[in-house]
$ cat model_37.cif   # mmCIF, C-alpha atoms
data_query
#
loop_
_atom_site.label_atom_id
_atom_site.label_comp_id
_atom_site.auth_asym_id
_atom_site.auth_seq_id
_atom_site.Cartn_x
_atom_site.Cartn_y
_atom_site.Cartn_z
CA MET A 24 -145.89 -137.72 67.36
CA SER A 25 -148.13 -135.46 69.45
CA THR A 26 -149.78 -132.19 68.43
CA THR A 27 -150.38 -129.18 70.65
CA LEU A 28 -153.07 -126.71 69.61
CA ASP A 29 -154.64 -123.66 71.19
CA LEU A 30 -158.27 -124.65 70.62
CA HIS A 31 -159.89 -121.36 71.57
CA CYS A 32 -158.85 -117.92 70.33
CA HIS A 33 -160.35 -114.93 68.55
CA SER A 34 -158.91 -112.83 65.74
CA GLU A 35 -160.04 -109.42 64.58
CA ALA A 36 -162.86 -111.19 62.73
CA SER A 37 -164.59 -111.27 66.13
CA GLU A 38 -166.07 -107.94 67.11
CA ASP A 39 -164.36 -107.86 70.50
CA SER A 40 -160.84 -108.77 69.38
CA ARG A 41 -158.18 -106.65 67.73
CA ALA A 42 -155.66 -109.42 67.21
CA PRO A 43 -154.47 -110.07 63.64
CA VAL A 44 -153.76 -113.73 62.91
CA GLU A 45 -150.26 -112.89 61.67
CA ALA A 46 -149.47 -111.20 64.98
CA TYR A 47 -150.62 -114.32 66.85
CA LEU A 48 -148.33 -116.51 64.78
CA ASN A 49 -145.44 -114.11 65.16
CA TRP A 50 -145.93 -114.04 68.93
CA ILE A 51 -145.97 -117.84 69.14
CA THR A 52 -142.82 -118.02 67.04
CA LEU A 53 -141.04 -115.57 69.35
CA ARG A 54 -142.11 -117.53 72.45
CA ARG A 55 -141.96 -121.08 71.21
CA ALA A 56 -139.85 -122.20 74.15
CA GLU A 57 -142.56 -121.11 76.60
CA ARG A 58 -145.58 -121.97 74.45
CA PRO A 59 -144.63 -124.91 72.23
CA LEU A 60 -147.65 -124.91 69.95
CA ASP A 61 -148.11 -126.56 66.59
CA GLY A 62 -150.97 -124.27 65.72
CA ILE A 63 -154.11 -122.43 66.69
CA VAL A 64 -157.82 -122.85 66.08
CA LEU A 65 -159.70 -119.60 65.49
CA THR A 66 -163.09 -119.75 67.16
CA GLU A 67 -164.78 -116.54 66.09
CA HIS A 68 -167.85 -115.40 68.00
CA ARG A 69 -171.23 -116.30 66.49
CA GLN A 70 -169.86 -116.84 63.00
CA PHE A 71 -167.71 -119.07 60.85
CA ASN A 72 -165.06 -117.24 58.90
CA ARG A 73 -165.48 -119.48 55.86
CA ASP A 74 -163.67 -117.29 53.32
CA ALA A 75 -160.48 -116.71 55.30
CA ASP A 76 -157.38 -118.29 53.77
CA TYR A 77 -154.39 -118.56 56.09
CA ARG A 78 -152.25 -120.88 53.96
CA ALA A 79 -149.63 -118.23 53.21
CA LEU A 80 -149.30 -117.45 56.92
CA GLU A 81 -149.10 -121.14 57.76
CA ASP A 82 -146.21 -121.50 55.32
CA LYS A 83 -144.48 -118.36 56.57
CA PHE A 84 -144.55 -119.38 60.24
CA GLY A 85 -144.67 -123.15 60.03
CA LEU A 86 -147.79 -123.20 62.21
CA MET A 87 -151.25 -124.58 61.59
CA VAL A 88 -154.26 -122.25 61.50
CA LEU A 89 -157.60 -124.03 61.68
CA ARG A 90 -161.06 -122.48 61.80
CA ALA A 91 -163.99 -123.20 64.11
CA SER A 92 -166.68 -121.16 65.87
CA GLU A 93 -167.87 -120.15 69.33
CA VAL A 94 -171.66 -120.04 69.51
CA GLU A 95 -174.10 -119.16 72.28
CA THR A 96 -176.74 -121.50 73.65
CA ASN A 97 -179.19 -121.98 76.48
CA TYR A 98 -176.35 -123.77 78.35
CA GLY A 99 -173.70 -121.16 77.68
CA HIS A 100 -171.00 -120.88 75.06
CA VAL A 101 -169.99 -123.85 72.91
CA LEU A 102 -167.06 -124.32 70.53
CA VAL A 103 -168.01 -125.97 67.25
CA PHE A 104 -165.24 -127.81 65.41
CA GLY A 105 -165.60 -129.19 61.91
CA VAL A 106 -168.04 -126.51 60.75
CA ASN A 107 -169.29 -127.33 57.26
CA GLU A 108 -172.04 -126.21 54.92
CA ASP A 109 -174.54 -128.66 56.42
CA ILE A 110 -173.95 -127.31 59.92
CA LEU A 111 -174.17 -123.72 58.69
CA ALA A 112 -177.44 -124.50 56.93
CA ARG A 113 -178.80 -126.18 60.05
CA PHE A 114 -177.94 -123.45 62.58
CA ASP A 115 -177.94 -119.66 62.60
CA PHE A 116 -174.70 -119.01 64.46
CA ALA A 117 -175.73 -115.39 65.16
CA ASN A 118 -178.62 -116.66 67.28
CA ILE A 119 -177.60 -116.38 70.95
CA ARG A 120 -180.40 -118.71 72.02
CA LEU A 121 -179.40 -121.93 70.28
CA ASP A 122 -180.57 -125.13 71.91
CA ALA A 123 -177.43 -126.75 73.31
CA GLN A 124 -178.69 -130.35 73.17
CA GLU A 125 -179.82 -129.94 69.60
CA LEU A 126 -176.49 -128.35 68.69
CA ILE A 127 -174.45 -131.17 70.24
CA ASP A 128 -176.51 -133.90 68.60
CA GLU A 129 -176.85 -132.30 65.19
CA VAL A 130 -173.24 -131.13 64.91
CA ALA A 131 -172.14 -134.71 65.68
CA ARG A 132 -174.57 -136.10 63.11
CA LEU A 133 -173.33 -133.65 60.49
CA GLY A 134 -169.66 -134.49 61.01
CA GLY A 135 -168.41 -132.06 63.62
CA ILE A 136 -168.11 -131.90 67.38
CA ALA A 137 -169.46 -129.36 69.86
CA VAL A 138 -167.38 -128.66 72.97
CA PRO A 139 -168.86 -126.50 75.74
CA CYS A 140 -166.29 -123.92 76.82
CA HIS A 141 -165.42 -122.08 80.05
CA PRO A 142 -168.03 -124.10 82.00
CA GLY A 143 -167.02 -122.47 85.27
CA ARG A 144 -167.91 -119.00 84.08
CA PRO A 145 -171.09 -117.41 85.46
CA ASN A 146 -174.09 -117.20 83.15
CA ILE A 147 -172.33 -118.57 80.05
CA GLY A 148 -170.88 -121.79 81.44
CA LEU A 149 -172.31 -125.29 81.98
CA CYS A 150 -171.83 -125.36 85.77
CA GLU A 151 -174.40 -122.69 86.48
CA HIS A 152 -176.91 -124.18 84.03
CA TYR A 153 -176.47 -127.68 85.48
CA LEU A 154 -177.78 -126.33 88.80
CA THR A 155 -181.21 -125.73 87.32
CA LYS A 156 -181.43 -127.88 84.20
CA PRO A 157 -180.72 -131.52 83.36
CA ALA A 158 -177.21 -132.42 82.26
CA LEU A 159 -176.63 -132.44 78.51
CA GLN A 160 -176.42 -135.80 76.78
CA ASN A 161 -173.73 -136.98 74.36
CA VAL A 162 -171.13 -134.45 75.48
CA VAL A 163 -167.69 -135.87 74.65
CA ALA A 164 -165.39 -133.07 75.76
CA VAL A 165 -165.53 -129.83 77.71
CA GLU A 166 -162.98 -127.05 77.96
CA MET A 167 -161.24 -127.32 81.32
CA LEU A 168 -158.44 -124.78 81.02
CA ASN A 169 -159.42 -121.37 79.72
CA GLY A 170 -156.80 -118.61 79.62
CA GLY A 171 -159.43 -115.94 80.23
CA SER A 172 -160.83 -117.48 83.40
CA ARG A 173 -161.04 -115.62 86.66
CA LYS A 174 -160.05 -117.11 89.98
CA GLY A 175 -161.97 -120.31 90.72
CA GLU A 176 -163.55 -120.68 87.27
CA ASN A 177 -161.10 -123.30 85.92
CA GLU A 178 -161.34 -125.17 89.22
CA ARG A 179 -165.13 -125.32 88.90
CA SER A 180 -164.68 -126.60 85.35
CA GLU A 181 -162.36 -129.35 86.53
CA GLU A 182 -164.84 -130.50 89.17
CA LEU A 183 -167.61 -130.69 86.59
CA ILE A 184 -165.44 -132.62 84.14
CA GLN A 185 -164.41 -135.13 86.78
CA ARG A 186 -167.99 -135.55 87.96
CA PHE A 187 -169.37 -136.26 84.51
CA GLY A 188 -166.33 -138.02 83.04
CA TYR A 189 -165.90 -135.68 80.10
CA ALA A 190 -162.66 -135.43 78.16
CA ALA A 191 -160.91 -132.13 78.89
CA THR A 192 -159.49 -129.53 76.52
CA GLY A 193 -157.64 -126.25 76.93
CA GLY A 194 -157.53 -122.98 75.06
CA SER A 195 -156.33 -119.44 75.70
CA ASP A 196 -159.61 -117.69 74.74
CA SER A 197 -157.22 -115.02 73.59
CA HIS A 198 -158.59 -111.73 72.30
CA LEU A 199 -155.17 -110.05 72.58
CA VAL A 200 -151.95 -111.05 70.85
CA SER A 201 -149.87 -111.55 73.99
CA LEU A 202 -152.32 -114.06 75.48
CA ILE A 203 -152.23 -116.56 72.64
CA GLY A 204 -151.24 -120.09 73.60
CA LEU A 205 -151.34 -119.62 77.37
CA CYS A 206 -153.58 -122.68 77.58
CA ALA A 207 -153.77 -125.39 74.93
CA THR A 208 -154.59 -129.03 74.25
CA ARG A 209 -151.98 -131.72 73.69
CA PHE A 210 -153.15 -134.56 71.46
CA ALA A 211 -151.46 -137.93 71.43
CA ALA A 212 -151.83 -138.08 67.64
CA TYR A 213 -150.41 -136.04 64.80
CA ILE A 214 -153.06 -133.63 63.45
CA ASN A 215 -152.77 -131.61 60.26
CA SER A 216 -156.35 -130.76 59.31
CA ILE A 217 -159.71 -129.82 60.79
CA ASP A 218 -161.01 -133.30 59.94
CA GLY A 219 -158.12 -134.79 61.87
CA LEU A 220 -158.85 -132.50 64.80
CA VAL A 221 -162.52 -133.51 64.89
CA ARG A 222 -161.56 -137.19 64.69
CA GLU A 223 -159.12 -136.85 67.58
CA LEU A 224 -161.49 -134.78 69.72
CA LYS A 225 -163.98 -137.63 69.50
CA THR A 226 -161.39 -140.15 70.76
CA GLY A 227 -160.63 -138.37 74.02
CA SER A 228 -156.87 -138.98 73.64
CA TYR A 229 -155.69 -135.55 74.73
CA GLU A 230 -155.12 -133.37 77.75
CA PRO A 231 -155.24 -129.69 78.55
CA VAL A 232 -151.84 -128.03 79.02
CA ASP A 233 -151.11 -124.88 80.94
CA PHE A 234 -148.34 -122.57 79.70
CA ARG A 235 -149.22 -119.67 81.96
CA PRO A 236 -146.17 -118.40 83.84
CA LYS A 237 -146.10 -119.67 87.39
CA ARG A 238 -145.96 -117.01 90.05
CA LYS A 239 -143.06 -117.27 92.46
CA PRO A 240 -143.96 -117.62 96.13
CA VAL A 241 -143.61 -114.24 97.78
CA ALA A 242 -140.84 -115.27 100.20
CA ARG A 243 -138.67 -116.57 97.36
CA ALA A 244 -139.31 -113.49 95.27
CA VAL A 245 -138.22 -111.26 98.14
CA GLU A 246 -135.12 -113.43 98.65
CA ALA A 247 -134.25 -113.24 94.97
CA GLU A 248 -134.73 -109.48 95.02
CA ALA A 249 -132.34 -109.18 97.97
CA LYS A 250 -129.62 -111.06 96.07
CA MET B 8 -186.74 -113.79 71.86
CA ALA B 9 -184.40 -112.06 69.43
CA VAL B 10 -183.71 -108.37 69.67
CA ASP B 11 -186.54 -106.38 68.11
CA TYR B 12 -185.72 -103.35 65.97
CA ASP B 13 -186.72 -101.67 62.74
CA PRO B 14 -184.37 -103.13 60.10
CA THR B 15 -184.79 -100.05 57.92
CA LEU B 16 -182.66 -98.19 60.46
CA ILE B 17 -179.58 -100.02 59.27
CA ASN B 18 -177.40 -98.07 56.84
CA LYS B 19 -179.81 -95.13 56.66
CA VAL B 20 -177.93 -91.86 57.18
CA PHE B 21 -179.76 -90.00 59.94
CA GLU B 22 -177.60 -86.94 60.26
CA VAL B 23 -175.07 -84.90 58.29
CA THR B 24 -173.17 -82.23 60.19
CA ASP B 25 -172.30 -78.76 58.99
CA PRO B 26 -168.82 -78.65 57.47
CA VAL B 27 -165.88 -77.83 59.72
CA THR B 28 -162.95 -76.15 57.96
CA VAL B 29 -159.63 -77.57 59.09
CA THR B 30 -157.00 -74.90 59.73
CA PRO B 31 -153.24 -75.26 60.23
CA GLU B 32 -153.77 -73.92 63.74
CA MET B 33 -156.21 -76.73 64.60
CA ILE B 34 -153.64 -79.31 63.51
CA GLN B 35 -150.89 -77.47 65.36
CA LYS B 36 -152.87 -77.39 68.62
CA PHE B 37 -153.76 -81.05 68.27
CA CYS B 38 -150.09 -81.95 67.80
CA GLN B 39 -149.06 -79.79 70.74
CA GLY B 40 -151.67 -81.44 72.93
CA LEU B 41 -150.37 -84.91 72.09
CA GLY B 42 -146.68 -84.02 72.04
CA GLU B 43 -146.59 -84.98 68.35
CA THR B 44 -143.32 -83.89 66.70
CA ASN B 45 -143.41 -85.70 63.34
CA PRO B 46 -142.58 -83.02 60.72
CA LEU B 47 -145.24 -84.45 58.39
CA PHE B 48 -147.76 -83.00 60.84
CA THR B 49 -145.87 -80.05 62.32
CA ASP B 50 -143.54 -78.52 59.71
CA ALA B 51 -145.16 -77.28 56.50
CA GLU B 52 -141.86 -76.91 54.65
CA ALA B 53 -140.56 -80.36 55.59
CA ALA B 54 -143.97 -81.90 54.84
CA LYS B 55 -143.79 -80.64 51.24
CA LYS B 56 -141.00 -83.16 50.66
CA GLY B 57 -142.98 -85.94 52.33
CA PRO B 58 -145.30 -88.53 50.78
CA TYR B 59 -148.36 -86.27 50.94
CA GLY B 60 -146.75 -83.20 49.33
CA GLY B 61 -147.78 -80.95 52.19
CA LEU B 62 -148.88 -80.72 55.78
CA VAL B 63 -151.47 -83.28 56.91
CA ALA B 64 -153.19 -83.94 60.21
CA PRO B 65 -152.17 -86.97 62.31
CA PRO B 66 -154.62 -89.84 61.64
CA SER B 67 -156.16 -89.62 65.11
CA PHE B 68 -157.19 -86.03 64.36
CA ALA B 69 -160.22 -87.65 62.71
CA VAL B 70 -161.74 -88.46 66.09
CA THR B 71 -161.86 -84.79 67.12
CA PHE B 72 -164.88 -83.97 64.96
CA ARG B 73 -168.12 -83.81 66.90
CA ASN B 74 -171.27 -85.58 65.92
CA GLY B 75 -174.35 -83.52 65.29
CA ARG B 76 -176.68 -82.16 67.96
CA HIS B 77 -179.30 -84.84 67.39
CA PHE B 78 -176.92 -87.78 67.17
CA PHE B 79 -178.02 -89.49 70.39
CA GLN B 80 -181.70 -89.16 69.55
CA HIS B 81 -181.06 -91.55 66.68
CA VAL B 82 -179.11 -94.18 68.59
CA PRO B 83 -181.55 -97.03 69.30
CA ARG B 84 -181.75 -98.04 72.97
CA PHE B 85 -182.67 -101.38 74.45
CA GLY B 86 -183.32 -102.65 77.94
CA ARG B 87 -182.50 -101.00 81.22
CA ALA B 88 -179.23 -99.16 80.78
CA GLY B 89 -176.06 -98.99 78.79
CA PHE B 90 -172.77 -97.29 78.21
CA ASP B 91 -170.25 -96.33 75.56
CA ALA B 92 -168.41 -99.55 74.78
CA GLY B 93 -165.63 -98.01 72.72
CA LYS B 94 -164.74 -96.68 69.31
CA ASP B 95 -163.02 -98.07 66.26
CA ALA B 96 -161.39 -95.72 63.78
CA GLU B 97 -160.43 -96.50 60.21
CA PHE B 98 -158.29 -93.86 58.53
CA VAL B 99 -158.83 -93.78 54.79
CA GLN B 100 -156.86 -90.77 53.61
CA PRO B 101 -155.12 -87.78 55.20
CA ILE B 102 -157.00 -84.72 56.39
CA ARG B 103 -155.34 -81.54 55.12
CA PRO B 104 -155.54 -77.87 56.10
CA GLY B 105 -158.40 -76.32 54.17
CA ASP B 106 -160.46 -79.49 54.09
CA LYS B 107 -164.12 -78.99 54.93
CA VAL B 108 -165.12 -82.08 56.88
CA THR B 109 -168.66 -83.34 57.39
CA LEU B 110 -169.85 -86.35 59.39
CA HIS B 111 -172.46 -88.67 57.91
CA SER B 112 -173.88 -90.97 60.59
CA HIS B 113 -175.88 -94.17 60.31
CA VAL B 114 -176.64 -97.26 62.37
CA LYS B 115 -174.26 -99.87 61.02
CA GLU B 116 -175.17 -102.90 63.07
CA ILE B 117 -177.29 -104.13 65.98
CA TYR B 118 -176.41 -107.47 67.56
CA GLU B 119 -176.83 -109.45 70.75
CA LYS B 120 -174.29 -111.36 72.79
CA THR B 121 -174.09 -113.06 76.15
CA GLY B 122 -171.38 -112.66 78.75
CA ARG B 123 -170.60 -113.27 82.41
CA SER B 124 -173.03 -110.53 83.41
CA GLY B 125 -175.95 -111.47 81.17
CA THR B 126 -177.39 -110.60 77.78
CA MET B 127 -176.35 -107.44 76.00
CA VAL B 128 -177.44 -105.64 72.85
CA PHE B 129 -174.76 -103.72 70.99
CA VAL B 130 -175.53 -100.85 68.66
CA VAL B 131 -172.78 -99.73 66.30
CA VAL B 132 -173.20 -96.25 64.83
CA ARG B 133 -170.80 -95.35 62.04
CA SER B 134 -169.82 -91.76 61.39
CA THR B 135 -168.20 -91.42 57.99
CA LEU B 136 -166.01 -88.34 57.60
CA LYS B 137 -165.98 -86.81 54.14
CA ASN B 138 -164.08 -83.86 52.73
CA GLN B 139 -165.39 -81.09 50.47
CA ASN B 140 -164.94 -83.35 47.42
CA GLY B 141 -167.15 -86.03 48.89
CA GLU B 142 -164.12 -88.26 49.49
CA VAL B 143 -164.17 -90.46 52.57
CA VAL B 144 -161.30 -89.59 54.90
CA ALA B 145 -162.23 -91.81 57.87
CA HIS B 146 -164.84 -94.02 59.48
CA ILE B 147 -165.49 -93.83 63.21
CA ASP B 148 -167.57 -96.65 64.69
CA HIS B 149 -169.22 -95.86 68.03
CA ARG B 150 -170.17 -99.00 69.94
CA PHE B 151 -172.93 -98.71 72.55
CA MET B 152 -173.76 -101.52 74.94
CA ASN B 153 -177.29 -101.95 76.31
CA ARG B 154 -178.03 -104.26 79.21
CA THR B 155 -181.25 -106.20 78.67
#

$ encode --input "model_37.cif" --output "structure tokens"
Amino acid sequence: MSTTLDLHCHSEASEDSRAPVEAYLNWITLRRAERPLDGIVLTEHRQFNRDADYRALEDKFGLMVLRASEVETNYGHVLVFGVNEDILARFDFANIRLDAQELIDEVARLGGIAVPCHPGRPNIGLCEHYLTKPALQNVVAVEMLNGGSRKGENERSEELIQRFGYAATGGSDSHLVSLIGLCATRFAAYINSIDGLVRELKTGSYEPVDFRPKRKPVARAVEAEAK
Amino acid sequence: MAVDYDPTLINKVFEVTDPVTVTPEMIQKFCQGLGETNPLFTDAEAAKKGPYGGLVAPPSFAVTFRNGRHFFQHVPRFGRAGFDAGKDAEFVQPIRPGDKVTLHSHVKEIYEKTGRSGTMVFVVVRSTLKNQNGEVVAHIDHRFMNRT
């Protein structure tokens, strides 16, 4: 039994998002045919929302809500899954100058996994940093599909992932309700907890999935209009 | 290097405006300007039977109050340039005709983030609107972005 999760989204707990978690879940429920998700992972900016309790919403919508973080490093932004007290004691997530290599190694040692995200994005993605700095060691997975990417950014990410042999994930990077679940990650295994997610992310048995609506070729659209 | 600022700035009220007395005409003009037709805001008689027992201003009326003359002198600046990055409004209780509203402003938060275009420092200044009884009617958060 597989599991499909949007591994990258922001709720109103992030300063640049206005999306309530309930609205995300409601939107997914309304569009389940187009975005067949089993749940979402909230990756709030520069913080871990440790006190949030989404169990009532999970029961109401039959969807999983897991919590992670998006932090900022000298190699760009990185998603941290499996955040625990040891990781929070080790790193100040508000610091935008975290050392990426230290983060990857220490998060792994302390029971989590760090996944660089939107690598194709200027300034805050791996690709640009790899031009001037050595490649990071011990990277297991990198986000390949990001719903907030501009033209060419996901393609750059894919090239990097193929070149270095990383496992690839997907996430919407949604800050708005209607964008939730446009990109996600399909795991071969059944996942029902953050520990399970971390375990599976380390195996590499997953693939990014793209639920963004495909644009019709112009000629066909014109033809359809004429009918 | 982390952003450098005086931490005592945070939460210290730097300005309180003179009170502005809210009149029925001010609410009426605001509603006309927006095309607002809800009788809670436009019809004093109908509003008496409503949940507030009388006419109230639409929630967004709270953003019409001006900050004080020296407001911008107290907004910390960083780096080369910046711009207004938006406002958040939290409406706490209705504003009524006759209310005397004052704005109490303080720096709520200063934080850094990185994006496609580089490093930014955000300054959030909160203006708390209070009525003549000292009751909070709204919070308006002004977010300013500075490019470093």

$ resolve_selection --input "model_37.cif" --expression "the PyMOL selection byres ((chain B) within 7 of (chain A))" --output "ChimeraX atom specification"
/B:119-125

$ resolve_selection --input "model_37.cif" --expression "the PyMOL selection byres ((chain B and resi 142-153) around 9)" --output "ChimeraX atom specification"
/B:66,69-70,82,84-102,108,115,126-141,154-155

$ resolve_selection --input "model_37.cif" --expression "the PyMOL selection byres ((chain B and resi 74) around 10)" --output "list in words"
Glu22, Val23, Thr24, Asp25, Val70, Thr71, Phe72, Arg73, Gly75, Arg76, His77, Phe78, Phe79, Thr109, Leu110, His111, Ser112 and Ser134 of chain B

$ atom_distance --input "model_37.cif" --atom1 "atom CA of A:Asn97" --atom2 "atom CA of A:Cys150"
12.3 Å

$ closest_residue --input "model_37.cif" --among "B:Ile117, B:Leu16, B:Val10, B:Ala51" --to "B:Pro31" --atoms "only C-alpha atoms"
B:Ala51

$ closest_residue --input "model_37.cif" --among "A:Gly170, A:Lys237, A:Leu202, A:Val44" --to "A:Glu81" --atoms "only C-alpha atoms"
A:Val44

$ atom_distance --input "model_37.cif" --atom1 "atom CA of A:Glu67" --atom2 "atom CA of A:Leu224"
18.9 Å

$ atom_distance --input "model_37.cif" --atom1 "atom CA of A:Asp39" --atom2 "atom CA of A:Val162"
27.9 Å

$ closest_residue --input "model_37.cif" --among "A:Ser92, A:Thr155, A:Asn177, A:Ser228" --to "A:Leu30" --atoms "all atoms listed in the file"
A:Ser92

$ residues_around --input "model_37.cif" --residues "stretch 102-109 of chain A" --least-positions-apart "6" --cutoff "6 Å" --atoms "all atoms listed in the file" --output "PDB file with C-alpha atoms, in the coordinates of the input"
ATOM      1  CA  ALA A  91    -163.990-123.200  64.110  1.00  0.00           C
ATOM      2  CA  SER A  92    -166.680-121.160  65.870  1.00  0.00           C
ATOM      3  CA  GLU A  93    -167.870-120.150  69.330  1.00  0.00           C
ATOM      4  CA  GLY A 135    -168.410-132.060  63.620  1.00  0.00           C
ATOM      5  CA  ILE A 136    -168.110-131.900  67.380  1.00  0.00           C
ATOM      6  CA  ALA A 137    -169.460-129.360  69.860  1.00  0.00           C
ATOM      7  CA  VAL A 138    -167.380-128.660  72.970  1.00  0.00           C
ATOM      8  CA  PRO A 139    -168.860-126.500  75.740  1.00  0.00           C
TER       9      PRO A 139
END

$ residues_near_point --input "model_37.cif" --point "(-144.6, -82.5, 59.7)" --cutoff "12 Å" --atoms "only C-alpha atoms" --output "list in words"
Pro31, Ile34, Gln35, Cys38, Glu43, Thr44, Asn45, Pro46, Leu47, Phe48, Thr49, Asp50, Ala51, Glu52, Ala53, Ala54, Lys55, Lys56, Gly57, Pro58, Tyr59, Gly60, Gly61, Leu62, Val63, Ala64, Pro65 and Arg103 of chain B

$ residues_around --input "model_37.cif" --residues "A:Arg54" --least-positions-apart "2" --cutoff "12 Å" --atoms "only C-alpha atoms" --output "list in words"
Tyr47, Leu48, Asn49, Trp50, Ile51, Thr52, Ala56, Glu57, Arg58, Pro59, Leu60, Val200, Ser201, Leu202, Ile203, Gly204, Leu205 and Phe234 of chain A

$ closest_residue --input "model_37.cif" --among "A:Ala42, A:Ala211, A:Ile217, A:Ala242" --to "A:Tyr229" --atoms "only C-alpha atoms"
A:Ala211

$ closest_residue --input "model_37.cif" --among "A:Gly219, A:Gly143, A:Gly227, A:Pro236" --to "A:Gly188" --atoms "only C-alpha atoms"
A:Gly227

$ residues_near_point --input "model_37.cif" --point "(-150.0, -127.5, 68.1)" --cutoff "12 Å" --atoms "all atoms listed in the file" --output "number ranges by chain"
A: 24-30, 48, 51-52, 55, 58-64, 85-89, 193-194, 204, 206-216, 220, 229, 231-232
